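Here's the structure, in structure tokens; my notes come after.
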Amino acid sequence: SSTALNDVIQQAMNQGIKIVAFDSIIDLAGAYTMDYDWVDMGERKTQFVMDQIGGKGNVVIVRGVSGAAPDEGIYQGIRNVLDAYPDVNIAAEVIGEADATVTQEALLNILSSLPTIDAVITHCGADSMGAVNAFESMGLDVPLIIGDNTAEFMTWWNAKAADGYVTMSVNSTPSCGSGALWVAVALLNGVEVPQNMFLPFIYINQDQIGDYADLEAGTIASPYMSYDYVVENILK
């Protein structure tokens with residue numbers, strides 16, 4: 001809940017303590033927040049899909065963690081775009097819980113009953129390889145699947161790109177914690193800091209996949225958030 005800790009946080013602020021909330025945002029006047037524009041991310045990746053499949057065809061939507069703000073925002077962005085394309089059929093929606101295994105199992109339960117799928121619009125938590133594995137394990141051609149910046153997906157995509165496989169990849173940034181730390185340092189140093197800030201997503205395009213092909217297993221592409229990076233990309 002965005003208000004569950006308000007009483008405790010208010011006590012801290014009453015004592016002059018600066019509060020910086022990131023990723024899981026609080027709803028309390030006076031606190032500084034660092035969030036992602038989830039709706040915009042949903043719109044951007046869905047528009048990419050529409051451009052690639054010509055605005056028509058069958059798509060599957062993979063939802064994220066049920067009831068969570070990221071899932072709700074991303075889904076709103078997806079629908080904002082899809083509603084403008086009447087020739088697109090949403091063949092199915094599955095709950096992937098931002099998890100590769102859950103996503104794979106959810107898709108395996110329904111793929112045999114679906115028409116040929118042209119694209120899978122993932123949540124972009126850590127679900128993309130689950131979608132890939134579902135299609136491959138059933139011997140089906142892997143359609144356009146939006147990536148999630150995980151090392152596993154980037155390695156797979158880099159290999160398939162040689163055969164002409166085209167997609168894009170996006171995720172939030174695990175380094176947001178260090179970004180929040182530097183925002184707090186800026187506050188204590190008297191730097192003017194916006195009350196509400198947006199954290200950057202990392203969008204990876206076709207011509208950039210080689211730069212991420214050697215990510216360590218279990219990691220996600222993320223910028224190094226130094227103090228200078230935060231000042232230039234978040235505080236401005």
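Here's how to read the names in the structure tokens: chain A, B, ... by the order shown, residue numbers from 1 in each chain, ligand numbers from 1 in the order shown.
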Selection: 9 Å around stretch 150-158 of chain A, only C-alpha atoms, excl. self and same-chain fewer than 6 positions, as an MDAnalysis selection string: chainID A and resid 125:126 128:129 132 165:167 169 171 209:210 212:221
Next, dump the selected residues to file, keeping only C-alpha atoms, as a PDB file, in the first residue's frame.
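again_7.pdb written:
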```pdb
ATOM      1  CA  GLY A 125       9.740  -8.080 -15.524  1.00  0.00           C
ATOM      2  CA  ALA A 126      11.622 -11.326 -16.110  1.00  0.00           C
ATOM      3  CA  SER A 128      10.448 -13.011 -21.829  1.00  0.00           C
ATOM      4  CA  MET A 129      12.446 -16.235 -21.791  1.00  0.00           C
ATOM      5  CA  VAL A 132      10.389 -18.068 -25.730  1.00  0.00           C
ATOM      6  CA  TYR A 165      14.944 -12.176 -35.650  1.00  0.00           C
ATOM      7  CA  VAL A 166      13.884  -8.615 -34.809  1.00  0.00           C
ATOM      8  CA  THR A 167      12.494  -7.265 -31.563  1.00  0.00           C
ATOM      9  CA  SER A 169      13.867  -5.064 -25.136  1.00  0.00           C
ATOM     10  CA  ASN A 171      13.009  -3.132 -18.347  1.00  0.00           C
ATOM     11  CA  ILE A 209      22.138  -6.158 -28.786  1.00  0.00           C
ATOM     12  CA  GLY A 210      25.806  -6.974 -29.298  1.00  0.00           C
ATOM     13  CA  TYR A 212      24.673  -6.751 -24.049  1.00  0.00           C
ATOM     14  CA  ALA A 213      25.385 -10.241 -25.367  1.00  0.00           C
ATOM     15  CA  ASP A 214      27.906 -11.032 -22.634  1.00  0.00           C
ATOM     16  CA  LEU A 215      25.821 -10.132 -19.581  1.00  0.00           C
ATOM     17  CA  GLU A 216      26.461 -12.397 -16.606  1.00  0.00           C
ATOM     18  CA  ALA A 217      23.727 -14.992 -16.126  1.00  0.00           C
ATOM     19  CA  GLY A 218      21.067 -13.830 -13.719  1.00  0.00           C
ATOM     20  CA  THR A 219      21.702 -10.128 -14.303  1.00  0.00           C
ATOM     21  CA  ILE A 220      19.720  -7.401 -16.060  1.00  0.00           C
ATOM     22  CA  ALA A 221      21.070  -4.605 -18.241  1.00  0.00           C
TER      23      ALA A 221
END
```
Please provide the set of residues having any atom within 8 Å of A:Ala131, restricted to only C-alpha atoms, with same-chain residues fewer than 5 positions apart removed, written as a list in words.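 The contact residues come out as Ala100, Thr103, Gln104, Leu107, Val120 and Ile145 of chain A.
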Would you save the residues of that selection, restricted to C-alpha atoms, as a PDB file, in the first residue's frame?
```pdb
ATOM      1  CA  ALA A 100       9.812 -16.832 -16.545  1.00  0.00           C
ATOM      2  CA  THR A 103       4.882 -17.294 -17.839  1.00  0.00           C
ATOM      3  CA  GLN A 104       6.033 -20.467 -19.571  1.00  0.00           C
ATOM      4  CA  LEU A 107       1.409 -20.131 -22.133  1.00  0.00           C
ATOM      5  CA  VAL A 120       3.779 -11.529 -27.500  1.00  0.00           C
ATOM      6  CA  ILE A 145       8.466 -11.323 -28.250  1.00  0.00           C
TER       7      ILE A 145
END
```
Name the residues of stretch 37-235 of chain A that come out as strand (DSSP E or B) in a backbone DSSP run; write them as a ChimeraX atom specification. /A:57-63,88-95,119-121,144-145,147,150,169-171,196-198,202-204,220
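What separates atom CA of A:Asn149 from atom CA of A:Ala134 is a distance of 18.4 Å.
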I'd like the interatomic distance between atom CA of A:Leu187 and atom CA of A:Asp228, to a tenth of an Å. 14.1 Å
Would you work out the distance separating atom CA of A:Met225 from atom CA of A:Ser24, expressed in Å to one decimal? 18.4 Å
Tell me which protein, DNA and RNA residues are within 6 Å of stretch 41-58 of chain A, counting only C-alpha atoms, leaving out same-chain ones fewer than 5 positions away, and put them as an NGL selection string. :A and (74 or 77-78 or 81 or 87-91 or 117-118)
Smallest atom-to-atom distance to A:Ala31: which of A:Gln208, A:Gly139, A:Tyr224, A:Val193, using only C-alpha atoms? A:Val193
Nearest to A:Val60 among A:Thr122, A:Ser112, A:Ser178, A:Thr33, with distances taken over only C-alpha atoms: which residue is it?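 The closest residue to A:Val60 is A:Thr122.
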Given only C-alpha atoms as the basis, pick out the residue of A:Ser113, A:Gly177, A:Ala119, A:Arg63 nearest to A:Leu144.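 Nearest candidate to A:Leu144 out of A:Ser113, A:Gly177, A:Ala119, A:Arg63: A:Ala119.
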I need the residues of stretch 11-200 of chain A that end up classed as alpha helix (DSSP H) by DSSP on the backbone, written out as a PyMOL selection string. chain A and resi 11-14+38-53+69-82+100-108+128-137+151-161+176-188
Produce a file of the selected residues containing C-alpha atoms, as a PDB file, in the first residue's frame.
```
ATOM      1  CA  GLN A  11       7.049  11.276  12.223  1.00  0.00           C
ATOM      2  CA  ALA A  12      10.435  11.135  10.504  1.00  0.00           C
ATOM      3  CA  MET A  13       9.692  14.176   8.358  1.00  0.00           C
ATOM      4  CA  ASN A  14       8.520  16.089  11.423  1.00  0.00           C
ATOM      5  CA  TRP A  38       4.839   2.577 -16.662  1.00  0.00           C
ATOM      6  CA  VAL A  39       2.088   3.750 -19.012  1.00  0.00           C
ATOM      7  CA  ASP A  40       4.600   5.268 -21.422  1.00  0.00           C
ATOM      8  CA  MET A  41       6.628   2.073 -21.403  1.00  0.00           C
ATOM      9  CA  GLY A  42       3.538   0.034 -22.239  1.00  0.00           C
ATOM     10  CA  GLU A  43       2.691   2.378 -25.079  1.00  0.00           C
ATOM     11  CA  ARG A  44       6.183   2.458 -26.565  1.00  0.00           C
ATOM     12  CA  LYS A  45       6.721  -1.280 -26.719  1.00  0.00           C
ATOM     13  CA  THR A  46       3.213  -1.909 -28.037  1.00  0.00           C
ATOM     14  CA  GLN A  47       3.640   0.688 -30.766  1.00  0.00           C
ATOM     15  CA  PHE A  48       6.866  -1.048 -31.740  1.00  0.00           C
ATOM     16  CA  VAL A  49       4.926  -4.309 -32.074  1.00  0.00           C
ATOM     17  CA  MET A  50       2.239  -2.634 -34.178  1.00  0.00           C
ATOM     18  CA  ASP A  51       4.863  -1.173 -36.508  1.00  0.00           C
ATOM     19  CA  GLN A  52       6.515  -4.577 -36.907  1.00  0.00           C
ATOM     20  CA  ILE A  53       3.351  -6.604 -37.611  1.00  0.00           C
ATOM     21  CA  ALA A  69       1.095  -0.567  -9.937  1.00  0.00           C
ATOM     22  CA  PRO A  70       3.649  -1.515 -12.645  1.00  0.00           C
ATOM     23  CA  ASP A  71       1.293  -4.125 -14.119  1.00  0.00           C
ATOM     24  CA  GLU A  72      -1.668  -1.757 -14.073  1.00  0.00           C
ATOM     25  CA  GLY A  73       0.289   1.067 -15.691  1.00  0.00           C
ATOM     26  CA  ILE A  74       1.903  -1.090 -18.359  1.00  0.00           C
ATOM     27  CA  TYR A  75      -1.414  -2.733 -19.202  1.00  0.00           C
ATOM     28  CA  GLN A  76      -3.062   0.661 -19.546  1.00  0.00           C
ATOM     29  CA  GLY A  77      -0.334   1.707 -21.965  1.00  0.00           C
ATOM     30  CA  ILE A  78      -0.730  -1.501 -23.968  1.00  0.00           C
ATOM     31  CA  ARG A  79      -4.472  -1.011 -24.285  1.00  0.00           C
ATOM     32  CA  ASN A  80      -4.073   2.676 -25.136  1.00  0.00           C
ATOM     33  CA  VAL A  81      -2.253   1.620 -28.296  1.00  0.00           C
ATOM     34  CA  LEU A  82      -4.149  -1.562 -29.148  1.00  0.00           C
ATOM     35  CA  ALA A 100       9.812 -16.832 -16.545  1.00  0.00           C
ATOM     36  CA  THR A 101       8.592 -20.134 -15.129  1.00  0.00           C
ATOM     37  CA  VAL A 102       5.083 -18.879 -14.386  1.00  0.00           C
ATOM     38  CA  THR A 103       4.882 -17.294 -17.839  1.00  0.00           C
ATOM     39  CA  GLN A 104       6.033 -20.467 -19.571  1.00  0.00           C
ATOM     40  CA  GLU A 105       3.501 -22.617 -17.734  1.00  0.00           C
ATOM     41  CA  ALA A 106       0.668 -20.167 -18.410  1.00  0.00           C
ATOM     42  CA  LEU A 107       1.409 -20.131 -22.133  1.00  0.00           C
ATOM     43  CA  LEU A 108       1.875 -23.887 -22.399  1.00  0.00           C
ATOM     44  CA  SER A 128      10.448 -13.011 -21.829  1.00  0.00           C
ATOM     45  CA  MET A 129      12.446 -16.235 -21.791  1.00  0.00           C
ATOM     46  CA  GLY A 130       9.422 -17.982 -20.356  1.00  0.00           C
ATOM     47  CA  ALA A 131       7.520 -16.974 -23.480  1.00  0.00           C
ATOM     48  CA  VAL A 132      10.389 -18.068 -25.730  1.00  0.00           C
ATOM     49  CA  ASN A 133      10.665 -21.426 -23.981  1.00  0.00           C
ATOM     50  CA  ALA A 134       6.934 -22.065 -24.286  1.00  0.00           C
ATOM     51  CA  PHE A 135       6.941 -21.683 -28.061  1.00  0.00           C
ATOM     52  CA  GLU A 136      10.173 -23.591 -28.551  1.00  0.00           C
ATOM     53  CA  SER A 137       9.134 -26.501 -26.323  1.00  0.00           C
ATOM     54  CA  ALA A 151      21.024 -11.786 -19.623  1.00  0.00           C
ATOM     55  CA  GLU A 152      19.200 -14.934 -20.688  1.00  0.00           C
ATOM     56  CA  PHE A 153      16.988 -13.139 -23.191  1.00  0.00           C
ATOM     57  CA  MET A 154      19.801 -10.934 -24.508  1.00  0.00           C
ATOM     58  CA  THR A 155      21.983 -13.984 -25.156  1.00  0.00           C
ATOM     59  CA  TRP A 156      19.132 -15.770 -26.944  1.00  0.00           C
ATOM     60  CA  TRP A 157      18.243 -12.675 -28.994  1.00  0.00           C
ATOM     61  CA  ASN A 158      21.857 -12.062 -30.002  1.00  0.00           C
ATOM     62  CA  ALA A 159      22.065 -15.596 -31.388  1.00  0.00           C
ATOM     63  CA  LYS A 160      18.724 -15.382 -33.215  1.00  0.00           C
ATOM     64  CA  ALA A 161      19.449 -11.942 -34.679  1.00  0.00           C
ATOM     65  CA  CYS A 176      17.594   2.535  -9.029  1.00  0.00           C
ATOM     66  CA  GLY A 177      18.573   1.992  -5.390  1.00  0.00           C
ATOM     67  CA  SER A 178      21.913   3.682  -5.910  1.00  0.00           C
ATOM     68  CA  GLY A 179      20.096   6.433  -7.796  1.00  0.00           C
ATOM     69  CA  ALA A 180      17.910   7.044  -4.756  1.00  0.00           C
ATOM     70  CA  LEU A 181      21.003   7.203  -2.551  1.00  0.00           C
ATOM     71  CA  TRP A 182      22.549   9.922  -4.725  1.00  0.00           C
ATOM     72  CA  VAL A 183      19.288  11.867  -4.699  1.00  0.00           C
ATOM     73  CA  ALA A 184      19.434  11.824  -0.911  1.00  0.00           C
ATOM     74  CA  VAL A 185      23.038  13.054  -1.038  1.00  0.00           C
ATOM     75  CA  ALA A 186      21.985  15.857  -3.369  1.00  0.00           C
ATOM     76  CA  LEU A 187      19.221  16.872  -0.965  1.00  0.00           C
ATOM     77  CA  LEU A 188      21.646  17.010   1.952  1.00  0.00           C
TER      78      LEU A 188
END
```
